[in-house]
Amino acid sequence: MKTIKTLRTLINILFYTLIAVFAIGFIFILLLFFFPNAIPMPWRGFSMIFNQPFGWKIYLVPVSTIVNFMLLIAAIFLLRKGTSSFLISDFYNEKVTTSFKKAGKIFVFIGISTIVIQLFTVVYVLNIANNMMQMKTNFLITLINTLAASIDLKSVLSIIIGLFFMLFSKIFENSRILKQENDLTI
């Protein structure tokens, strides 16, 4: 029971910290966008993000990062919801299985979308660099460099964590069904 309380406390700390970081970042972006003169001088350089000649492509990474961060908050909220039943030793609750399954799918989506966005960004930057330098490289070397730059450990770890929660969801679902059958036979 002590482990469950510690897990619950850590999930709560993570959840409220993520909300605070998101709120501070959101306020900073609003200030940066609407009131750039209100920001101290060293941070004013971030406002050039909104004045780029690259068009919509420059917004792809920040917007996807914000969306993934919001999805991470939602996944942690689902884990909070799922682990609340553990405190009363109710492991066979349907709320646990659905919360873990949804959280797992969100973690997998975050991992895959991060890899796809990084892949798009690397290809875009390589295209700009090749156009500027007028240099041709070996296709295989370019492909290996692109994949190495776009697939990072945190994305793969996010996918693994998501699959792990989906597996836990299935285990809890099967356990719940077996418990119901066991309760009916007694």
# chains A, B, ... in the order shown; residues from 1 in each chain; ligands from 1
call {"tool": "select_by_dssp", "arguments": {"residues": "chain A", "states": "alpha helix (DSSP H)", "output": "ChimeraX atom specification"}}
result
/A:2-34,57-83,94-133,139-150,153-185
call {"tool": "residues_around", "arguments": {"residues": "Val122 in chain A", "least_positions_apart": "2", "cutoff": "10 Å", "atoms": "only C-alpha atoms", "output": "PyMOL selection string"}}
result
chain A and resi 116-120+124-128+145-150
call {"tool": "residues_around", "arguments": {"residues": "Ser89 in chain A", "least_positions_apart": "6", "cutoff": "12 Å", "atoms": "only C-alpha atoms", "output": "ChimeraX atom specification"}}
result
/A:1,4-5,82-83,96
call {"tool": "closest_residue", "arguments": {"among": "A:Ile160, A:Val63, A:Lys81, A:Arg8", "to": "Ile106 in chain A", "atoms": "only C-alpha atoms"}}
result
A:Ile160
call {"tool": "atom_distance", "arguments": {"atom1": "CA of Lys154 in chain A", "atom2": "CA of Gly111 in chain A"}}
result
7.6 Å
